[in-house]
Every structure is written in C-alpha cells, then in structure tokens.
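This report refers to the structure that appears directly beneath it.
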Amino acid sequence: MEYSQILSQQFNIKEEYANNIISLLDDGNTIPFIARYRKEMHGSMDDQLIREFSEKLEYLRSLDKRREEIRTLIESQEKLTGEINLALDKAVTLSELEDIYRPYRPKRKTRASIAKEKGLEPLALDILKQEENFNPFESANNYVDAEKGVANAEEAMQGAMDIIAEQVSDNAEIRKRVRNLTNIYGVIASSAADAEKESVYTIYYDFKEPVKKIAGHRILAVNRGEKEGFLKVCVEMESEKPLNSIYNVMITDENPFCTDIIKEVCNDAYQRLIFPSIEREVRSDLTETASENAMKVFAVNLKQLLMQPPVKGKTVLGLDPGYRTGCKVAVVDDTGKVLDTAVIYPTHSDKKIQESKQKLLELIQKHSVDIISIGNGTASKETEMFTAETIKQADRKVYYMVVSEAGASVYSASKLAATELPELDLTLRSAVSIARRLQDPLAELVKIEPKAIGVGQYQHDMPQKRLGETLDGVVEDCVNSVGVDLNTASPALLTRVSGLNSTVCKNIVSYREENGAFLSRSELKKVPKLGPKAFEQCAGFLRVSGGKNPLDNTGVHPESYKSAKNLLNILEYSEKEIKSASFGDLQLRVKNKGTKSLADILGIGLPTLDDIVKELSKPGRDPRDELPAPMLRSDILDIKDLKDGMELKGTVRNVIDFGAFIDIGVHQDGLVHISQICDKFIKHPGEVLKVGDVVNVKVLSVDPEKNRISLTMRF
C-alpha cells in the first residue's frame, strides 16, 4: 500500500510532505519535535494534524498486516484464488477484510456444518446453480440416508437450505450491501425497559432517529441507558430493500423451483444471520465514531484548560471545601512553595464560623494573600459564600476564583504528591494543588491523569486506552508549546517533554540537586542516559533563564544557534545587545532586509527564520500570556438571586456537543444550549466557545429545586 499517496490525499498535502513525515516518525522523532523544528519538511502542519496523520498511518499499517494474515490463513486452507487475492488487495477497511475472510473462518458447530456432515453440500450447490429443468425436491430423495441422520427428503432439503443460508450470510458483497442500506435507511430506536421506573433517560423511553443523522452524544446516552438497564435499544430496518438486494446477488437464472427456495433461504439468512450481525456492526461503528468525536471534544477542552493563562507573581490561598472534616487551607507563594496550612470549619456552628473567619483573615494578613482559589466540590457553595463575606473585612484587596478540583484527590493520594509534599497530610495536599492550579494550570494539572480532569462528556464510556493516548498527546503538545524551565520543573512536568522518559527525568533532577542549576542547555549532555537523540528531541523545549547563552531561554533549537547568531550579525546587533537579549526592533530590521533574502543567505527555510525571529523578539515568552486573564470575583450570587432576563458575565467551564456550561458565580453552572450560542447555524459549540472564555450571558430560566439554570448568549 502506498501510504504516502493515500495520506497525502486524506490530509490534502503534497506527497513529498507525507513521505517526509513517515520517515521522521520512523526515525524515532517525536510529534512535538516534528511539528516545531521540521516545518519545511511538512509544510508547517500543527502537532494535532501530525498526530492524526500518525494514527492514520498506524491504522493503514495494521490494515496491511491483517490483510496478509488473512491471505496466509486462506492459503493454508488451499482456497486462495486470484479473485480472492484481488478482493483482499482492493479492501480499504477492516470490515471489508473480515467480510472476505468470513467464509474461511473456523466456525463453531452450526446448522450448516451439521448438514455438511450429513453429506448435503452437493444438493445445496446444485440448487445454487439454478440450472434449467433441475427439480431440487426430486433430487432431495437421493440424499435420504438413515445412517447419516437424513430421515426423509424434507430433512435433506432443510439441510441444503441451511448450507445455502450460511453461504448467503458469508457473502462479502451481500454484507456490504446490507451494511450500506442499514446506514442509509436504518433507525436507532430505544424504549423503556420498565416504563414505570423513573430515570435520567426518560427522554429516550420512546425515541427514534435515523442511523445517518443521530448525534454522537445521543448514541452514548442510549448505550449507557441500555448498560444500566433502563433502556432497550435496537436498529429498526424495513426488510424489503435489503432482501431485494440479496435476491439480485443470489438469483442468477430462471428456475421456478430454485427461485422460491433461494428466496426463502435469503429471508431466513437475513433475519437469522445477516441483520443481527450487521445491527451489531452498525451500532459498534456508531459508538466508535461517537467515542472518537467525544474524545476530540475532551481533547479540545483539555487543551484549553491546560493553556489557561497562569496567575503570575501572586500569593494564593487554596481552599479545599468539606463539611464534616472541615475546609483544608494552604497558602503558597508566587513560586508555589507552601507557606502555611490550616483547617477551618465554615459550615459548622456560629462559634466555629467566627473562628474560621479569624483564621482566614490572619493568614491573608500574615502572608499578604492576593487571591483565594476555591475548589468546586462538596461544600463549595457554602465556602464561596463564607469567603466572599470574609474578604470584605480583610486589610487588603483580595479576590477569589472557583477552580475545578477534578483530580485533586487523585493527586493528593499519589506517590508523586507524597514525594513533593512529604510533610503534609494527604487532605492538605489537595488544598496545595487547588492553589497551584490557579497559579499555573499546566504545571499542576500535568501531575494528574488527564482522564481525571473531567472536561469531557461520557468519558467513562470511552475506550479507556484510546482515551488515555489521546489525552496524553494533548498534554504533551501543551507542555512543549509552552516550554519548561529546566531548573524548576518537577519530574512530572519533565516527563511530558519531547524525547524524555521517567528515568532520564529523575537523572535530570538528581544532576540538578548535585551540581546546582543548569547554566546552559548543552550541560544536559552530561546527564546520565540522555543521549544525542534525546538531546535533539528535548533541547528546544527546555529553557534556561539567566544562563550563559540568551538563546537557551528561547524556543530556538541549538541546531539553529549558528543561524540565529549569523542573523543578529547581519542585522548589525552589537555584542552588548546580544548579551542582554535586547532585540526590540528585530522584526523591523528583518522586514527591511527582506525575509526571503535573509533565509537564502542563512541557508534556512522561511518557517525556521520566522520562528527564530519570533523567539528572539520575546525571549522566554509564554504563549499563554497572550490569552485573556481568568475572571476573578470578589462577591457572590445565590441561585435564588437570579431572575429571568438578568445579564451576567461568566466563564466557560465545559464545552460539549449540545452546548456549554458557564460559571456565572453561582454554585451551579448554567447551560447555554447550542441553539442559544449565536444567531448563525453552528454544528458544534466548539466553533464559537472554548474553555476559559469569559462571555456575556442572559438568564432564560431558573429552577432552584432542580438546580438548573438556562442561559442565552443571543441578545
């Protein structure tokens, strides 16, 4: 299979680029490295596209592997013909390959195999020939044999029909036709397993939608309802079209005796063998597509969450709310170092509430706290109300923000947390995590398994291995796009850097502890087990601030240092300007010289030149700083305060297929349905909204009893 040709068409890129990407991947280069430092070789595709390219390449290779396995298996049965060979070569999906192999697959004992043991296959083959004047009923008398278990002509005929039915079912062309027709005309139908039993699946108790139109989130919803025993789900299909299609394949000659038999057999094969199998396939394909789309939504949301702008240079107090065991408190300085911890009880007696207020005010004053970060879990609403009331009495301006605490408990009980915060009780570690994830969401959230961060829909119904791979890829891309400080990064953050594994990361931290801070990127070569290939892959993503070479604090790769220095010399920067990394007018000088001529002089591609210029213009830049800052609050609303028509500002917390959840400063997030996001038609809310966006909304309706808030952005 010509992979480069197929992939160049699928991704609409030059075949040369497809070839280059395949070679780069096969040579052990990581996707972040290829995306960032080999742009000329693939036309500046982004990391996500290259990741999809890599997955598709893997699929094509596994398809070819299975193709050859099937070829070998059929050949071992001495049944491989030129026609089968050609069909195998033409197959472009796994299901097509399996359809071809189906007749040759070893089977359990079936009605057809029993009939074959009774010697009835020749009768079946004669019926299928449909020769003129052949009477199968007369011929059946010749197969009556008490010793073989064929008592009469009727039993002989039934056995022959069973054999034909299995052949019809195993026919690759027929299965393909029925599958296509089911995808076009089939209907997904669900009904209540017990109509009297109330559940969240009530809307699916009498539900029908065409296979070709049904939305992914509805497929996942009915699947879950079926799994939990609330729904019965099936694919409904009128049999006329598929049966006519099967007749067209199986009826080849005019023989009234054979035609009636074959029609009867086709009906039996369709109802008993083909449709139940195709129904499973169609539902499986729908589920797989829905899962892939849901994983993409999850991945987009996760990326937007990880890339939230850090709140830099602020002392943060983290609150992990709780009822019975109290609210855990941790104060961290602007570097994330733990300054203080405590436990307060803002939901207990009046006396305890007053003591909690006093303690919180003491900590704010003692450590000059700027922002309070509140986890959004149990007792979050009460803690938020308590915080909003308390900070009014503080001697300095203090803001607060409610952050997702998803995964905080997973982190606090992990070996990593025990290593990082050995002196703290695991309940207090959660408060530290909640504080730090406001300061630097990326650095803190990489410590948690991506699946536990919870910004998707139906994530527990996804294929967990595939979901893990997808989300790990997102984390890797985010970490490498931001870059990592070599001298402060935790081992958890370092393991996400292109080309590094956990052993090398531990060695980097050990080297740092033994020898002091890294003074240059080249010093990485002294780290045990960090070889030339690993250095090539990771060096550009690791930053050394205040080191010997200002280029070490940029995204310029060491392989391009010579080009960067030559560029600065051509543009007549002095040694003093180079040492102080003062290149404020760099882009203007480049423009005056001409980018094309500069690239030619330096012997590099335009994308590489653009990247060097961008990095030198803002050494140590953090791409997240260019995004809008997170929304901080100093007061609170109660759901009872909300009125229809009220206009508010809110933060997008989660984007899903049918809308988006918005934090409007009430404990319960409000839902903006996809139809209420904008005036134009959109296929998915992600076309307009992303996690972290600050948006204006209007209250459409409020149901305090059910804790439901309906919002609109169309006003």
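To be explicit about the labels: the chains of the structure tokens are called A, B, and onward in the order shown, and within each one the residues are counted from 1, while ligands get numbers from 1 in the order they are shown.
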
Enumerate the residues of segment 368-574 of chain A with a DSSP assignment of helix (DSSP H, G or I), computed from the backbone, and present them as number ranges by chain. A: 380-391, 408-412, 415-420, 426-439, 441-445, 450-453, 459-461, 464-482, 491-494, 502-515, 521-526, 532-541, 550-553, 558-570

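On the backbone of this structure, DSSP gives strand (DSSP E or B) within segment 59-189 of chain A to Asp145, Val150, Val187, Ile188 and Ala189 of chain A.
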
I need the chosen residues saved as a compact mmCIF listing (two decimals), in the first residue's frame, with N, CA and C atoms.
# COMPACT_ATOMS: atom_id res chain seq x y z
N ASP A 145 -30.75 -40.82 3.93
CA ASP A 145 -29.81 -41.83 4.43
C ASP A 145 -29.96 -41.90 5.94
N VAL A 150 -30.44 -38.49 7.89
CA VAL A 150 -31.37 -37.82 6.98
C VAL A 150 -32.56 -38.76 6.77
N VAL A 187 -32.89 2.87 11.49
CA VAL A 187 -33.32 3.81 12.54
C VAL A 187 -32.90 3.25 13.90
N ILE A 188 -32.24 4.10 14.70
CA ILE A 188 -31.94 3.72 16.08
C ILE A 188 -33.19 3.95 16.90
N ALA A 189 -33.64 2.91 17.60
CA ALA A 189 -34.86 3.03 18.41
C ALA A 189 -34.56 2.58 19.83

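Between Ala534 of chain A and the candidates A:Pro309, A:Pro242, A:Gly547, A:Gly499, the tightest atom-to-atom separation, counting only C-alpha atoms, involves A:Gly499.
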
Pull the closest atom pair for each residue of segment 353-434 of chain A that gets at most 9 Å from segment 663-685 of chain A, along with the distance in Å to one decimal, counting only C-alpha atoms, ordering rows by chain and then ascending residue number, as JSON lines.
{"residue": "A:Asn376", "atom": "CA", "partner": "A:His667", "partner_atom": "CA", "distance": 7.9}
{"residue": "A:Ser380", "atom": "CA", "partner": "A:His667", "partner_atom": "CA", "distance": 7.1}
{"residue": "A:Lys381", "atom": "CA", "partner": "A:His667", "partner_atom": "CA", "distance": 5.0}
{"residue": "A:Glu382", "atom": "CA", "partner": "A:His667", "partner_atom": "CA", "distance": 8.7}
{"residue": "A:Glu384", "atom": "CA", "partner": "A:His667", "partner_atom": "CA", "distance": 8.3}
{"residue": "A:Val402", "atom": "CA", "partner": "A:Gly665", "partner_atom": "CA", "distance": 8.4}

Would you mind exporting the chosen residues as an mmCIF file, in the first residue's frame, restricted to C-alpha atoms?
data_model
loop_
_atom_site.group_PDB
_atom_site.id
_atom_site.type_symbol
_atom_site.label_atom_id
_atom_site.label_comp_id
_atom_site.auth_asym_id
_atom_site.auth_seq_id
_atom_site.Cartn_x
_atom_site.Cartn_y
_atom_site.Cartn_z
ATOM 1 C CA ASN A 376 -15.667 23.413 43.228
ATOM 2 C CA SER A 380 -18.021 24.688 47.549
ATOM 3 C CA LYS A 381 -21.110 26.928 47.524
ATOM 4 C CA GLU A 382 -21.031 27.484 51.309
ATOM 5 C CA GLU A 384 -17.586 30.555 48.456
ATOM 6 C CA VAL A 402 -13.629 28.935 41.927
#

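Closest to Ala388 of chain A among A:Lys618, A:Lys649, A:Arg633, A:Lys303 is A:Arg633, based on only C-alpha atoms.
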
Neighbouring residues of Ala151 of chain A were defined as those with any atom within 12 Å, considering only C-alpha atoms; residues of the same chain fewer than 6 positions away were excluded. Please report them as a list in words. Lys118, Ala140, Asn141, Asn142, Tyr143, Val144, Asp145, Met157, Gln158 and Gly159 of chain A

Set the distance at 9 Å and use only C-alpha atoms: which residues neighbour Phe257 of chain A once local chain neighbours fewer than 4 positions away are removed? I'd like the list as an MDAnalysis selection string. chainID A and resid 127 130 133:137 261:262

Please identify all polymer residues within 12 Å of Leu94 of chain A, counting only C-alpha atoms, omitting same-chain residues fewer than 3 positions from it, and present them as number ranges by chain. A: 59-67, 70, 88, 90-91, 97-101, 281, 285

Could you save those same residues with C-alpha atoms as a PDB file, in the first residue's frame?
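Everything below was put into again_14.pdb:
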ATOM      1  CA  TYR A  59      -4.214   2.154  11.054  1.00  0.00           C
ATOM      2  CA  LEU A  60      -3.101   1.615   7.437  1.00  0.00           C
ATOM      3  CA  ARG A  61      -0.160  -0.482   8.574  1.00  0.00           C
ATOM      4  CA  SER A  62      -2.321  -2.615  10.863  1.00  0.00           C
ATOM      5  CA  LEU A  63      -4.781  -2.993   7.956  1.00  0.00           C
ATOM      6  CA  ASP A  64      -1.977  -4.300   5.737  1.00  0.00           C
ATOM      7  CA  LYS A  65      -0.791  -6.618   8.484  1.00  0.00           C
ATOM      8  CA  ARG A  66      -4.290  -8.085   8.839  1.00  0.00           C
ATOM      9  CA  ARG A  67      -4.603  -8.317   5.029  1.00  0.00           C
ATOM     10  CA  ILE A  70      -5.943 -13.342   6.140  1.00  0.00           C
ATOM     11  CA  LEU A  88      -8.081  -8.545  -0.480  1.00  0.00           C
ATOM     12  CA  LYS A  90      -8.908  -3.746  -3.002  1.00  0.00           C
ATOM     13  CA  ALA A  91     -10.302  -3.798   0.571  1.00  0.00           C
ATOM     14  CA  LEU A  97     -11.275  -7.647   5.004  1.00  0.00           C
ATOM     15  CA  GLU A  98     -13.213  -9.552   7.662  1.00  0.00           C
ATOM     16  CA  ASP A  99     -16.157  -9.992   5.256  1.00  0.00           C
ATOM     17  CA  ILE A 100     -13.807 -11.652   2.733  1.00  0.00           C
ATOM     18  CA  TYR A 101     -12.359 -13.928   5.420  1.00  0.00           C
ATOM     19  CA  GLU A 281     -21.652  -3.746  13.475  1.00  0.00           C
ATOM     20  CA  ASP A 285     -19.437   1.780  14.274  1.00  0.00           C
TER      21      ASP A 285
END

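Going from atom CA of Lys312 of chain A over to atom CA of Asp440 of chain A, you cover 7.7 Å.
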